[in-house]
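Next comes upload.cif, a file with mmCIF, C-alpha atoms.
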```cif
data_entry
#
loop_
_atom_site.label_atom_id
_atom_site.label_comp_id
_atom_site.auth_asym_id
_atom_site.auth_seq_id
_atom_site.Cartn_x
_atom_site.Cartn_y
_atom_site.Cartn_z
CA MET A 278 28.02 -104.99 154.77
CA PRO A 279 30.66 -102.55 153.54
CA ARG A 280 29.62 -99.56 151.45
CA PRO A 281 30.34 -99.74 147.74
CA PRO A 282 33.38 -97.68 146.74
CA ARG A 283 32.78 -94.36 145.04
CA PRO A 284 33.83 -94.12 141.42
CA ARG A 285 37.28 -92.53 141.04
CA PRO A 286 37.60 -89.78 138.49
CA ARG A 287 40.12 -90.26 135.69
CA LEU A 288 42.00 -87.33 134.25
CA ASP A 289 42.55 -86.83 130.55
CA PRO A 290 46.30 -87.44 130.02
CA THR A 291 46.48 -84.67 127.43
CA ARG A 292 45.41 -82.21 130.12
CA LEU A 293 48.03 -83.47 132.52
CA SER A 294 50.82 -83.12 129.98
CA GLY A 295 49.95 -79.49 129.38
CA HIS A 296 49.56 -80.10 125.65
CA SER A 297 46.48 -80.23 123.52
CA HIS A 298 46.12 -82.65 120.64
CA SER A 299 46.71 -79.78 118.27
CA HIS A 300 50.41 -79.75 119.07
CA GLY A 301 51.38 -81.78 122.12
CA HIS A 302 51.66 -85.22 120.53
CA SER A 303 52.98 -84.21 117.16
CA HIS A 304 56.55 -84.37 118.41
CA GLY A 305 56.50 -87.30 120.77
CA HIS A 306 56.48 -87.07 124.57
CA SER A 307 57.85 -83.57 125.23
CA HIS A 308 55.86 -82.99 128.51
CA GLY A 309 58.28 -80.30 129.64
CA HIS A 310 61.32 -82.57 129.96
CA GLY A 311 63.54 -80.76 127.48
CA HIS A 312 62.65 -82.79 124.40
CA GLY A 313 61.82 -79.59 122.55
CA ALA A 314 65.51 -79.23 121.65
CA ARG A 315 65.28 -82.47 119.68
CA ARG A 316 62.04 -81.56 118.01
CA SER A 317 61.85 -82.30 114.32
CA ALA A 318 60.87 -79.81 111.66
CA ALA A 319 57.52 -81.54 111.29
CA GLY A 320 56.85 -81.19 114.99
CA ASP A 321 57.82 -77.53 114.85
CA ARG A 322 55.34 -76.93 112.07
CA ALA A 323 52.66 -78.70 114.07
CA ALA A 324 53.34 -76.42 117.04
CA ALA A 325 51.70 -73.54 115.16
CA THR A 326 48.01 -73.58 114.37
CA PRO A 327 47.03 -74.39 110.77
CA GLY A 328 45.59 -70.90 110.42
CA ALA A 329 48.87 -69.31 111.52
CA ARG A 330 50.86 -71.44 109.09
CA ARG A 331 48.54 -70.46 106.26
CA ALA A 332 48.87 -66.80 107.18
CA LEU A 333 52.68 -67.06 107.11
CA ALA A 334 52.53 -68.72 103.71
CA TRP A 335 50.20 -66.04 102.32
CA LEU A 336 52.53 -63.31 103.60
CA LEU A 337 55.84 -64.85 102.51
CA LEU A 338 54.85 -66.38 99.18
CA PRO A 339 54.25 -63.00 97.47
CA ILE A 340 57.61 -61.77 98.78
CA LEU A 341 59.30 -64.87 97.35
CA LEU A 342 57.59 -64.43 93.99
CA LEU A 343 58.50 -60.72 93.87
CA THR A 344 62.09 -61.58 94.75
CA VAL A 345 62.47 -64.23 92.06
CA GLY A 346 60.64 -62.12 89.48
CA GLY A 347 62.62 -59.01 90.38
CA VAL A 348 65.97 -60.78 90.11
CA ILE A 349 65.04 -62.26 86.73
CA ALA A 350 63.70 -58.96 85.39
CA SER A 351 66.70 -56.94 86.56
CA TRP A 352 69.42 -59.50 85.78
CA PRO A 353 72.42 -57.51 84.46
CA HIS A 354 73.54 -58.21 80.89
CA ASP A 355 75.84 -55.26 80.13
CA ALA A 356 77.91 -54.86 83.30
CA PRO A 357 81.65 -54.19 82.97
CA GLY A 358 83.54 -57.45 83.17
CA ARG A 359 86.50 -58.52 85.21
CA GLY A 360 89.76 -57.10 83.85
CA VAL A 361 88.54 -53.55 83.18
CA ILE A 362 91.08 -52.42 85.78
CA ASP A 363 94.52 -53.87 85.09
CA VAL A 364 96.89 -53.91 88.05
CA THR A 365 99.94 -54.21 85.78
CA ALA A 366 101.36 -51.87 83.16
CA ASP A 367 101.39 -52.89 79.50
CA THR A 368 105.02 -53.98 79.68
CA ALA A 369 104.84 -55.46 83.17
CA GLY A 370 104.30 -59.00 84.33
CA MET A 371 103.38 -60.37 87.73
CA VAL A 372 105.67 -62.94 89.35
CA THR A 373 105.72 -64.67 92.74
CA GLY A 374 108.60 -65.83 94.87
CA ASP A 375 109.98 -66.34 98.38
CA VAL A 376 112.19 -63.95 100.34
CA VAL A 377 115.61 -65.56 100.87
CA GLY A 378 117.61 -62.83 102.58
CA GLN A 379 117.70 -59.51 104.38
CA ALA A 380 117.02 -56.11 102.84
CA THR A 381 119.91 -53.91 101.77
CA PRO A 382 120.13 -50.25 102.86
CA ASP A 383 118.75 -49.15 99.48
CA GLY A 384 115.59 -51.26 99.86
CA LEU A 385 116.51 -54.28 97.74
CA VAL A 386 115.45 -57.71 99.01
CA PRO A 387 116.73 -61.02 97.55
CA VAL A 388 113.86 -63.21 96.30
CA ARG A 389 113.81 -66.66 94.69
CA LEU A 390 111.09 -66.73 92.02
CA ASP A 391 108.88 -69.74 91.42
CA ASP A 392 110.98 -70.72 88.38
CA GLY A 393 114.12 -70.85 90.54
CA THR A 394 115.62 -67.54 89.41
CA GLU A 395 117.10 -65.37 92.16
CA VAL A 396 116.47 -61.64 91.78
CA THR A 397 116.37 -58.54 93.94
CA VAL A 398 113.02 -56.85 94.52
CA LEU A 399 112.63 -53.16 95.32
CA PHE A 400 110.50 -52.69 98.47
CA PRO A 401 108.87 -49.44 99.69
CA PRO A 402 110.57 -47.90 102.76
CA GLU A 403 107.54 -48.46 105.02
CA HIS A 404 107.67 -52.22 104.40
CA ILE A 405 111.41 -52.25 105.07
CA GLU A 406 110.81 -50.51 108.40
CA ALA A 407 108.06 -52.98 109.32
CA GLY A 408 110.42 -55.88 108.61
CA ILE A 409 110.50 -58.42 105.79
CA PRO A 410 110.27 -61.95 107.24
CA ASP A 411 112.59 -64.52 105.70
CA GLY A 412 110.63 -67.08 103.67
CA ALA A 413 107.62 -64.81 103.08
CA THR A 414 105.90 -65.34 99.73
CA ILE A 415 105.44 -62.13 97.77
CA ARG A 416 104.04 -60.86 94.49
CA ALA A 417 106.20 -58.54 92.40
CA LEU A 418 105.89 -56.70 89.10
CA HIS A 419 108.57 -57.11 86.45
CA ILE A 420 109.02 -53.62 84.99
CA PRO A 421 112.16 -53.29 82.86
CA GLU A 422 111.90 -49.49 82.99
CA ALA A 423 112.34 -49.63 86.78
CA GLU A 424 115.91 -50.94 86.42
CA ALA A 425 117.19 -47.39 86.83
CA ALA A 426 115.77 -47.34 90.38
CA GLY A 427 117.86 -50.36 91.34
CA SER A 428 115.82 -53.38 90.18
CA ALA A 429 113.42 -54.35 87.41
CA TYR A 430 111.29 -56.14 90.03
CA VAL A 431 109.04 -54.01 92.25
CA PHE A 432 107.18 -55.28 95.30
CA MET A 433 103.40 -55.44 94.87
CA ASP A 434 101.99 -57.36 97.86
CA TYR A 435 102.36 -60.46 100.00
CA ASP A 436 100.84 -63.68 98.71
CA ARG A 437 98.31 -64.60 101.40
CA GLN A 438 96.42 -67.37 99.60
CA ALA A 439 97.83 -70.25 101.66
CA PRO A 440 97.28 -68.82 105.19
CA ILE A 441 93.83 -67.44 104.35
CA ALA A 442 92.80 -70.75 102.77
CA LEU A 443 94.01 -72.57 105.89
CA LEU A 444 92.09 -70.17 108.14
CA ALA A 445 88.93 -70.61 106.05
CA ALA A 446 89.27 -74.39 106.26
CA LEU A 447 89.73 -74.15 110.04
CA TYR A 448 86.62 -71.97 110.29
CA ALA A 449 84.55 -74.44 108.29
CA LEU A 450 85.89 -77.35 110.36
CA VAL A 451 85.04 -75.65 113.67
CA VAL A 452 81.53 -74.72 112.48
CA VAL A 453 80.80 -78.24 111.29
CA ALA A 454 82.36 -79.87 114.38
CA VAL A 455 80.28 -77.80 116.78
CA ALA A 456 77.02 -77.37 114.84
CA ARG A 457 77.21 -80.65 112.86
CA TRP A 458 74.53 -80.91 110.16
CA ARG A 459 73.22 -77.46 111.05
CA GLY A 460 76.75 -76.14 110.52
CA ILE A 461 77.01 -77.80 107.11
CA ALA A 462 73.70 -76.23 106.12
CA ALA A 463 74.91 -72.83 107.34
CA MET A 464 78.09 -73.10 105.28
CA LEU A 465 76.05 -73.99 102.20
CA GLY A 466 73.86 -70.95 102.86
CA LEU A 467 76.95 -68.75 103.16
CA ALA A 468 78.30 -70.06 99.86
CA ALA A 469 74.93 -69.43 98.19
CA SER A 470 74.89 -65.88 99.58
CA PHE A 471 78.31 -65.13 98.12
CA ALA A 472 77.18 -66.57 94.81
CA ILE A 473 74.19 -64.19 94.75
CA VAL A 474 76.37 -61.18 95.56
CA VAL A 475 79.01 -62.04 92.94
CA THR A 476 76.67 -63.06 90.12
CA TYR A 477 73.79 -60.62 90.63
CA THR A 478 74.40 -57.78 93.12
CA MET A 479 77.80 -56.51 91.99
CA PRO A 480 77.13 -56.75 88.23
CA SER A 481 73.75 -55.03 88.70
CA LEU A 482 75.31 -52.12 90.56
CA LEU A 483 78.11 -51.83 87.99
CA ALA A 484 75.53 -51.78 85.20
CA GLY A 485 73.74 -48.83 86.82
CA SER A 486 70.66 -50.59 88.20
CA PRO A 487 68.87 -48.71 91.02
CA ALA A 488 70.87 -49.50 94.13
CA LEU A 489 68.06 -49.70 96.70
CA PRO A 490 65.92 -52.26 94.78
CA VAL A 491 69.07 -54.29 94.14
CA ALA A 492 69.87 -54.24 97.86
CA LEU A 493 66.35 -55.35 98.81
CA LEU A 494 66.24 -58.12 96.19
CA THR A 495 69.66 -59.34 97.27
CA SER A 496 68.74 -59.29 100.95
CA SER A 497 65.45 -61.10 100.35
CA ALA A 498 67.06 -63.80 98.21
CA VAL A 499 69.88 -64.32 100.71
CA MET A 500 67.48 -64.57 103.66
CA PHE A 501 65.18 -67.08 101.96
CA LEU A 502 68.17 -69.28 101.12
CA THR A 503 70.18 -69.03 104.33
CA LEU A 504 67.34 -69.22 106.86
CA TYR A 505 65.62 -72.23 105.34
CA LEU A 506 68.91 -73.99 104.61
CA ALA A 507 70.33 -73.45 108.10
CA HIS A 508 67.14 -73.84 110.18
CA GLY A 509 64.79 -75.91 108.05
CA ILE A 510 61.33 -75.16 106.70
CA SER A 511 59.12 -74.54 109.72
CA ALA A 512 56.75 -72.01 111.22
CA ARG A 513 59.53 -70.88 113.53
CA THR A 514 61.90 -70.15 110.62
CA SER A 515 59.13 -68.46 108.64
CA THR A 516 58.39 -66.24 111.63
CA ALA A 517 62.04 -65.18 111.80
CA LEU A 518 62.05 -64.58 108.04
CA LEU A 519 58.96 -62.36 108.23
CA GLY A 520 60.53 -60.38 111.08
CA THR A 521 63.71 -60.01 109.02
CA MET A 522 61.72 -58.66 106.07
CA ILE A 523 60.09 -56.08 108.33
CA GLY A 524 63.50 -55.05 109.64
CA LEU A 525 64.89 -54.81 106.10
CA GLY A 526 62.03 -52.58 104.99
CA LEU A 527 62.49 -50.26 107.95
CA THR A 528 66.26 -50.14 107.44
CA ALA A 529 65.91 -49.34 103.74
CA ALA A 530 63.44 -46.51 104.40
CA LEU A 531 65.62 -45.06 107.15
CA ALA A 532 68.77 -45.37 105.05
CA GLN A 533 67.20 -43.52 102.15
CA GLY A 534 66.03 -40.65 104.34
CA ALA A 535 69.12 -40.46 106.55
CA ALA A 536 71.59 -40.45 103.64
CA ALA A 537 69.68 -37.61 101.98
CA ALA A 538 69.26 -35.58 105.19
CA ALA A 539 72.90 -35.94 106.23
CA ARG A 540 74.17 -35.28 102.69
CA ILE A 541 76.06 -38.55 102.59
CA THR A 542 77.51 -38.62 99.07
CA GLY A 543 79.89 -41.57 99.37
CA LEU A 544 82.66 -39.49 97.79
CA SER A 545 84.77 -39.42 100.93
CA ASP A 546 86.08 -42.88 100.05
CA GLU A 547 88.99 -43.03 97.60
CA TYR A 548 87.72 -46.17 95.86
CA ALA A 549 84.25 -44.64 95.46
CA ARG A 550 85.76 -41.60 93.76
CA GLN A 551 87.73 -43.78 91.33
CA LEU A 552 84.86 -46.14 90.51
CA PRO A 553 82.97 -43.93 87.98
CA ALA A 554 86.10 -43.73 85.81
CA PHE A 555 85.84 -47.48 85.16
CA ALA A 556 82.06 -47.98 85.55
CA PRO A 557 80.37 -44.70 84.49
CA ALA A 558 76.85 -46.04 85.11
CA VAL A 559 77.42 -46.46 88.85
CA ASP A 560 75.55 -44.07 91.16
CA VAL A 561 78.07 -43.59 93.97
CA GLN A 562 75.62 -41.84 96.28
CA ALA A 563 73.06 -44.62 95.91
CA LEU A 564 75.75 -47.14 96.83
CA VAL A 565 75.73 -45.71 100.34
CA THR A 566 72.09 -46.70 100.84
CA CYS A 567 72.73 -50.13 99.35
CA GLY A 568 75.70 -50.63 101.66
CA ILE A 569 73.67 -49.68 104.74
CA VAL A 570 71.00 -52.26 103.92
CA LEU A 571 73.49 -55.05 103.21
CA ALA A 572 75.72 -54.22 106.19
CA GLY A 573 73.01 -54.98 108.74
CA LEU A 574 71.76 -58.15 107.10
CA GLY A 575 73.77 -60.68 109.13
CA VAL A 576 73.06 -59.16 112.54
CA LEU A 577 69.39 -58.69 111.66
CA ASN A 578 69.11 -62.37 110.77
CA ASP A 579 70.79 -63.25 114.07
CA VAL A 580 68.34 -61.36 116.28
CA THR A 581 65.18 -62.46 114.46
CA ILE A 582 65.96 -66.18 114.53
CA THR A 583 66.99 -65.87 118.19
CA GLN A 584 63.74 -64.14 119.13
CA ALA A 585 61.60 -66.65 117.26
CA SER A 586 63.44 -69.56 118.91
CA ALA A 587 63.13 -67.92 122.34
CA VAL A 588 59.34 -67.65 122.03
CA TRP A 589 59.08 -71.27 120.82
CA GLU A 590 61.14 -72.53 123.75
CA LEU A 591 59.16 -70.43 126.21
CA ARG A 592 55.99 -72.04 124.93
CA GLU A 593 57.63 -75.47 125.23
CA VAL A 594 58.53 -75.05 128.90
CA SER A 595 55.46 -72.96 129.82
CA PRO A 596 52.56 -74.21 127.73
CA THR A 597 49.95 -72.34 129.79
CA LEU A 598 51.36 -68.83 129.30
CA SER A 599 49.02 -66.40 127.59
CA ARG A 600 50.18 -64.83 124.34
CA ARG A 601 50.56 -61.46 126.07
CA GLU A 602 52.77 -62.98 128.77
CA LEU A 603 54.70 -64.89 126.11
CA PHE A 604 55.42 -61.65 124.28
CA ARG A 605 56.42 -59.93 127.52
CA ARG A 606 58.90 -62.65 128.47
CA GLY A 607 60.23 -62.86 124.94
CA MET A 608 60.94 -59.13 125.02
CA ARG A 609 62.96 -59.58 128.21
CA ILE A 610 65.31 -61.77 126.19
CA GLY A 611 65.12 -59.33 123.30
CA ARG A 612 66.20 -56.38 125.42
CA ASP A 613 69.30 -58.25 126.53
CA HIS A 614 70.00 -59.07 122.90
CA ILE A 615 69.57 -55.44 121.90
CA ALA A 616 72.18 -54.29 124.41
CA SER A 617 74.80 -56.79 123.26
CA THR A 618 74.08 -56.36 119.54
CA VAL A 619 74.40 -52.57 119.62
CA TYR A 620 77.89 -53.04 121.07
CA THR A 621 78.66 -55.59 118.37
CA ILE A 622 77.86 -53.19 115.54
CA ALA A 623 79.73 -50.27 117.09
CA PHE A 624 82.88 -52.22 117.93
CA ALA A 625 82.90 -53.99 114.57
CA TYR A 626 83.38 -50.59 112.94
CA LEU A 627 85.87 -49.53 115.61
CA GLY A 628 88.08 -52.50 114.82
CA ALA A 629 87.80 -52.09 111.05
CA ALA A 630 88.52 -48.35 111.03
CA LEU A 631 90.98 -48.08 113.92
CA PRO A 632 93.83 -46.43 111.90
CA LEU A 633 91.41 -43.84 110.53
CA LEU A 634 90.00 -43.11 113.97
CA LEU A 635 93.49 -42.74 115.44
CA THR A 636 94.42 -40.32 112.69
CA VAL A 637 91.37 -38.09 113.07
CA SER A 638 91.79 -38.10 116.85
CA LEU A 639 94.96 -36.08 116.30
CA ILE A 640 93.21 -33.39 114.25
CA ASN A 641 92.63 -30.08 115.99
CA GLN A 642 88.82 -30.08 115.90
CA SER A 643 85.93 -30.97 118.19
CA LEU A 644 84.62 -34.50 118.62
CA THR A 645 81.27 -33.46 117.12
CA MET A 646 82.94 -32.14 113.99
CA THR A 647 85.05 -35.29 113.73
CA LEU A 648 82.06 -37.63 113.94
CA THR A 649 80.13 -35.65 111.34
CA SER A 650 82.89 -35.26 108.78
CA GLY A 651 83.79 -37.30 105.72
CA GLU A 652 84.10 -41.05 105.87
CA ILE A 653 83.40 -41.22 109.61
CA ALA A 654 80.01 -39.53 109.11
CA THR A 655 79.11 -42.23 106.57
CA GLU A 656 79.95 -44.96 109.05
CA VAL A 657 78.11 -43.23 111.88
CA VAL A 658 74.95 -43.01 109.73
CA ARG A 659 75.38 -46.65 108.66
CA THR A 660 75.76 -47.79 112.29
CA LEU A 661 72.82 -45.76 113.60
CA VAL A 662 70.42 -46.73 110.80
CA GLY A 663 71.37 -50.40 111.01
CA SER A 664 70.93 -50.39 114.77
CA ILE A 665 67.49 -48.73 114.59
CA GLY A 666 66.26 -51.28 112.05
CA LEU A 667 67.65 -54.11 114.15
CA VAL A 668 66.08 -52.86 117.38
CA LEU A 669 62.65 -52.41 115.76
CA ALA A 670 62.81 -55.91 114.23
CA ILE A 671 63.02 -57.50 117.69
CA PRO A 672 59.53 -56.52 118.99
CA ALA A 673 58.07 -57.17 115.54
CA THR A 674 59.50 -60.69 115.42
CA THR A 675 58.54 -61.39 119.03
CA ALA A 676 54.96 -60.29 118.42
CA ILE A 677 54.66 -62.43 115.29
CA ALA A 678 56.11 -65.43 117.13
CA ALA A 679 53.70 -64.99 120.05
CA ILE A 680 50.78 -64.99 117.60
CA VAL A 681 52.01 -67.90 115.46
CA VAL A 682 53.15 -70.29 118.19
CA ALA A 683 50.63 -72.78 119.62
CA ALA A 684 47.77 -71.46 121.71
CA PRO A 685 48.16 -71.68 125.49
CA ALA A 686 47.16 -74.99 127.02
CA GLU A 687 44.76 -75.13 129.94
CA PRO A 688 46.28 -75.85 133.37
CA ALA A 689 46.72 -79.47 134.35
CA GLY A 690 43.67 -80.92 136.07
CA ALA A 691 41.40 -78.11 134.95
CA HIS A 692 39.08 -80.55 133.20
CA ALA A 693 38.73 -83.68 135.34
CA VAL A 694 36.14 -86.01 133.86
CA PRO A 695 34.73 -89.21 135.38
CA ALA A 696 35.81 -92.43 133.78
CA GLU A 697 32.18 -93.69 133.70
CA ASP A 698 28.82 -91.98 133.50
CA ALA A 699 27.91 -90.72 136.97
CA SER A 700 24.28 -91.74 136.38
CA GLU A 701 25.29 -95.40 136.26
CA PRO A 702 25.59 -96.79 139.79
CA ALA A 703 28.82 -98.46 140.71
CA ARG A 704 28.84 -102.24 141.05
CA PRO A 705 28.98 -103.18 144.76
CA ALA A 706 32.05 -104.93 146.01
CA PRO A 707 31.66 -108.53 147.09
CA ALA A 708 30.84 -109.03 150.76
#
```
The structure given in the file should be rewritten as structure tokens.
Amino acid sequence: MPRPPRPRPRLDPTRLSGHSHSHGHSHGHSHGHGHGARRSAAGDRAAATPGARRALAWLLLPILLLTVGGVIASWPHDAPGRGVIDVTADTAGMVTGDVVGQATPDGLVPVRLDDGTEVTVLFPPEHIEAGIPDGATIRALHIPEAEAAGSAYVFMDYDRQAPIALLAALYALVVVAVARWRGIAAMLGLAASFAIVVTYTMPSLLAGSPALPVALLTSSAVMFLTLYLAHGISARTSTALLGTMIGLGLTAALAQGAAAAARITGLSDEYARQLPAFAPAVDVQALVTCGIVLAGLGVLNDVTITQASAVWELREVSPTLSRRELFRRGMRIGRDHIASTVYTIAFAYLGAALPLLLTVSLINQSLTMTLTSGEIATEVVRTLVGSIGLVLAIPATTAIAAIVVAAPAEPAGAHAVPAEDASEPARPAPA
């Protein structure tokens, strides 16, 4: 008579999948097959423990309330309005037209105005030397008193509305085509950010409001809008937002101290020197600190959302990693990001200020004196402070993400349990 078969143990499928019920089944059958990329916002929220989500809410909600309350309380009501600076003289009028011929030796260029009238426009010598393309649309000032110089029409600038509008439309099209709905959300966030800057930040600064609080309120409002619009409301996004707030606080503190220690007055810029004549309440020196905070906002947002996403994806593909190991691997990614981002900030200024840098390179003084003088010193301080805040935000965000993301799962097969009670004897097989 054959022996009865021994009962076969049955493994809990949740142990095999590497996910606990606290997060593994909230977003379908991920099981390490790459479905994390298609995870919904609800699944992402479920990936964090309820306690972690509550902690994020308790930390971010006061910041949101302070931001909204601060913006309302400091909303500018007496800022100088548009038109305080008039680009035309009292007797001058602005006209537009298209170039229809070549320049004469005395700097006169034939132009057909929008009403069909053909006139000659007086161009500066440097523009004549650079070349005036036929068909270019220009803006000119009609100044009758300038007739003695050869023409009553004086060149003001090129009309760039059409090509810039086309380039902006192409940018929006590419973003939406590649990122799809996420791209549309990002464009809406960008539009909302510009609206905040135009309607609140600039009028507040012109009205004489303290520049550093305005910068922090602006940054906080922009980050709440853009991050949640572009990435959805989730624990992952909230983690990136909290890391961004930490980076902003560090950057603001460093900017305040560095600008004072380096005696950065902001008066090396021509526009900054002219501004108090039209807006006497503006604190030009405080604008430097405000500019430093706002300048690093975009890159700071980039690194924090990347670090939070990296930790989430590491947990997705390696559910058994400890939080310490998760932080360590996340920082590997963060260090690579630091290296590339530091170059980004430095070369962004290099490209924007190339003519200035070429000019000062010809001055007979040492490199140290050049980098610590005038407008270049302001940009050096801005770059260094922004980079320090950005670098410190990376470990802060990575640590928060490692704490907030789901707890490590136990290895597969660690808890094999029998399908039936071992005390109950198995039923013998038929002879």
So what do you get for CA of Val431 (chain A) versus CA of Val398 (chain A), distance-wise?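 Straight-line distance from CA of Val431 (chain A) to CA of Val398 (chain A) works out to 5.4 Å.
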Got a sec: who's within 12 Å of Gln562 (chain A), counting only C-alpha atoms, leaving out chain neighbours fewer than 5 positions off, as a PyMOL selection string? chain A and resi 482+485+487-489+532-533+536-537+539-546+549-550+552-553+567-569+655
Keeping C-alpha atoms, export the residues of the selection given above as a PDB file, in the coordinates of the input.
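Full text of part-v5.pdb as output:
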```pdb
ATOM      1  CA  LEU A 482      75.310 -52.120  90.560  1.00  0.00           C
ATOM      2  CA  GLY A 485      73.740 -48.830  86.820  1.00  0.00           C
ATOM      3  CA  PRO A 487      68.870 -48.710  91.020  1.00  0.00           C
ATOM      4  CA  ALA A 488      70.870 -49.500  94.130  1.00  0.00           C
ATOM      5  CA  LEU A 489      68.060 -49.700  96.700  1.00  0.00           C
ATOM      6  CA  ALA A 532      68.770 -45.370 105.050  1.00  0.00           C
ATOM      7  CA  GLN A 533      67.200 -43.520 102.150  1.00  0.00           C
ATOM      8  CA  ALA A 536      71.590 -40.450 103.640  1.00  0.00           C
ATOM      9  CA  ALA A 537      69.680 -37.610 101.980  1.00  0.00           C
ATOM     10  CA  ALA A 539      72.900 -35.940 106.230  1.00  0.00           C
ATOM     11  CA  ARG A 540      74.170 -35.280 102.690  1.00  0.00           C
ATOM     12  CA  ILE A 541      76.060 -38.550 102.590  1.00  0.00           C
ATOM     13  CA  THR A 542      77.510 -38.620  99.070  1.00  0.00           C
ATOM     14  CA  GLY A 543      79.890 -41.570  99.370  1.00  0.00           C
ATOM     15  CA  LEU A 544      82.660 -39.490  97.790  1.00  0.00           C
ATOM     16  CA  SER A 545      84.770 -39.420 100.930  1.00  0.00           C
ATOM     17  CA  ASP A 546      86.080 -42.880 100.050  1.00  0.00           C
ATOM     18  CA  ALA A 549      84.250 -44.640  95.460  1.00  0.00           C
ATOM     19  CA  ARG A 550      85.760 -41.600  93.760  1.00  0.00           C
ATOM     20  CA  LEU A 552      84.860 -46.140  90.510  1.00  0.00           C
ATOM     21  CA  PRO A 553      82.970 -43.930  87.980  1.00  0.00           C
ATOM     22  CA  CYS A 567      72.730 -50.130  99.350  1.00  0.00           C
ATOM     23  CA  GLY A 568      75.700 -50.630 101.660  1.00  0.00           C
ATOM     24  CA  ILE A 569      73.670 -49.680 104.740  1.00  0.00           C
ATOM     25  CA  THR A 655      79.110 -42.230 106.570  1.00  0.00           C
TER      26      THR A 655
END
```
Identify, on the basis of all atoms listed in the file, every residue whose closest approach to region 609-613 of chain A does not exceed 10 Å; exclude the query and any residue fewer than 3 positions from it along the same chain; express the result as an NGL selection string. :A and (580-581 or 583-584 or 587-588 or 604-606 or 616-618 or 668 or 670-672 or 674-675)
Hits of the PyMOL selection byres ((chain A and resi 381-395) around 12) in this structure, as a ChimeraX atom specification: /A:371-380,396-406,408-419,424,426-432
Starting from the displayed file, determine the output of the PyMOL selection byres ((chain A and resi 602) around 12) and express the residue list as an NGL selection string. :A and (588 or 591-592 or 595-601 or 603-609 or 675-676 or 679-680 or 685)
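Of the listed residues (A:Leu467, A:Ile362, A:Leu564, A:Ile665), A:Leu564 comes nearest to Ser481 (chain A); the distances count only C-alpha atoms.
Among the candidates A:Ala678, A:Ala686, A:Leu661, A:Thr495, the one nearest to Val475 (chain A) when counting only C-alpha atoms is A:Thr495.
Across the structure, CA of Ala554 (chain A) and CA of Pro353 (chain A) are spaced 19.5 Å apart.
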Need the shell around Ile349 (chain A): protein/DNA/RNA residues with any atom at most 12 Å away, counting only C-alpha atoms. Skip same-chain ones fewer than 2 positions apart. Format as a ChimeraX atom specification? /A:342-347,351-354,477,481,491,494-495,498
To one decimal place, how far is CA of Thr647 (chain A) from CA of Val561 (chain A) in Å?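 Here the two named atoms are 22.5 Å from each other.
Distances here use only C-alpha atoms; by that measure, the residue among A:Leu447, A:Ala454, A:Ala563, A:Thr660 closest to Tyr620 (chain A) is A:Thr660.
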Would you please work out which residue, of A:Ala623, A:Ala512, A:Leu506, A:Ile340, is nearest to Arg659 (chain A) when using only C-alpha atoms?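 That would be A:Ala623, the residue with the smallest distance to Arg659 (chain A).
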Name the closest residue to Leu631 (chain A) among the candidates A:Val499, A:Met464, A:Ile653, A:Ala530; distances are taken between atoms, counting all atoms listed in the file.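 Closest residue, counting all atoms listed in the file: A:Ile653.
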Close residues, Ala469 (chain A) itself excluded, 8 Å, all atoms listed in the file, min 4 positions apart in chain, as a PyMOL selection string: chain A and resi 465+473+499+502-503
Contact residues around Thr521 (chain A) with all atoms listed in the file at 12 Å, ignoring same-chain residues under 5 positions, as a CSV table (one decimal) with C-alpha atoms, in the frame of the given file:
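So the final result, stored in around31.csv, reads:
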```csv
chain,number,residue,atom,x,y,z
A,337,LEU,CA,55.8,-64.8,102.5
A,493,LEU,CA,66.4,-55.4,98.8
A,496,SER,CA,68.7,-59.3,101.0
A,497,SER,CA,65.4,-61.1,100.4
A,498,ALA,CA,67.1,-63.8,98.2
A,499,VAL,CA,69.9,-64.3,100.7
A,500,MET,CA,67.5,-64.6,103.7
A,501,PHE,CA,65.2,-67.1,102.0
A,504,LEU,CA,67.3,-69.2,106.9
A,514,THR,CA,61.9,-70.2,110.6
A,515,SER,CA,59.1,-68.5,108.6
A,516,THR,CA,58.4,-66.2,111.6
A,526,GLY,CA,62.0,-52.6,105.0
A,527,LEU,CA,62.5,-50.3,108.0
A,528,THR,CA,66.3,-50.1,107.4
A,570,VAL,CA,71.0,-52.3,103.9
A,573,GLY,CA,73.0,-55.0,108.7
A,574,LEU,CA,71.8,-58.2,107.1
A,575,GLY,CA,73.8,-60.7,109.1
A,576,VAL,CA,73.1,-59.2,112.5
A,577,LEU,CA,69.4,-58.7,111.7
A,578,ASN,CA,69.1,-62.4,110.8
A,579,ASP,CA,70.8,-63.2,114.1
A,580,VAL,CA,68.3,-61.4,116.3
A,581,THR,CA,65.2,-62.5,114.5
A,582,ILE,CA,66.0,-66.2,114.5
A,583,THR,CA,67.0,-65.9,118.2
A,584,GLN,CA,63.7,-64.1,119.1
A,585,ALA,CA,61.6,-66.6,117.3
A,666,GLY,CA,66.3,-51.3,112.0
A,667,LEU,CA,67.6,-54.1,114.2
A,668,VAL,CA,66.1,-52.9,117.4
A,669,LEU,CA,62.6,-52.4,115.8
A,670,ALA,CA,62.8,-55.9,114.2
A,671,ILE,CA,63.0,-57.5,117.7
A,672,PRO,CA,59.5,-56.5,119.0
A,673,ALA,CA,58.1,-57.2,115.5
A,674,THR,CA,59.5,-60.7,115.4
A,675,THR,CA,58.5,-61.4,119.0
A,677,ILE,CA,54.7,-62.4,115.3
```
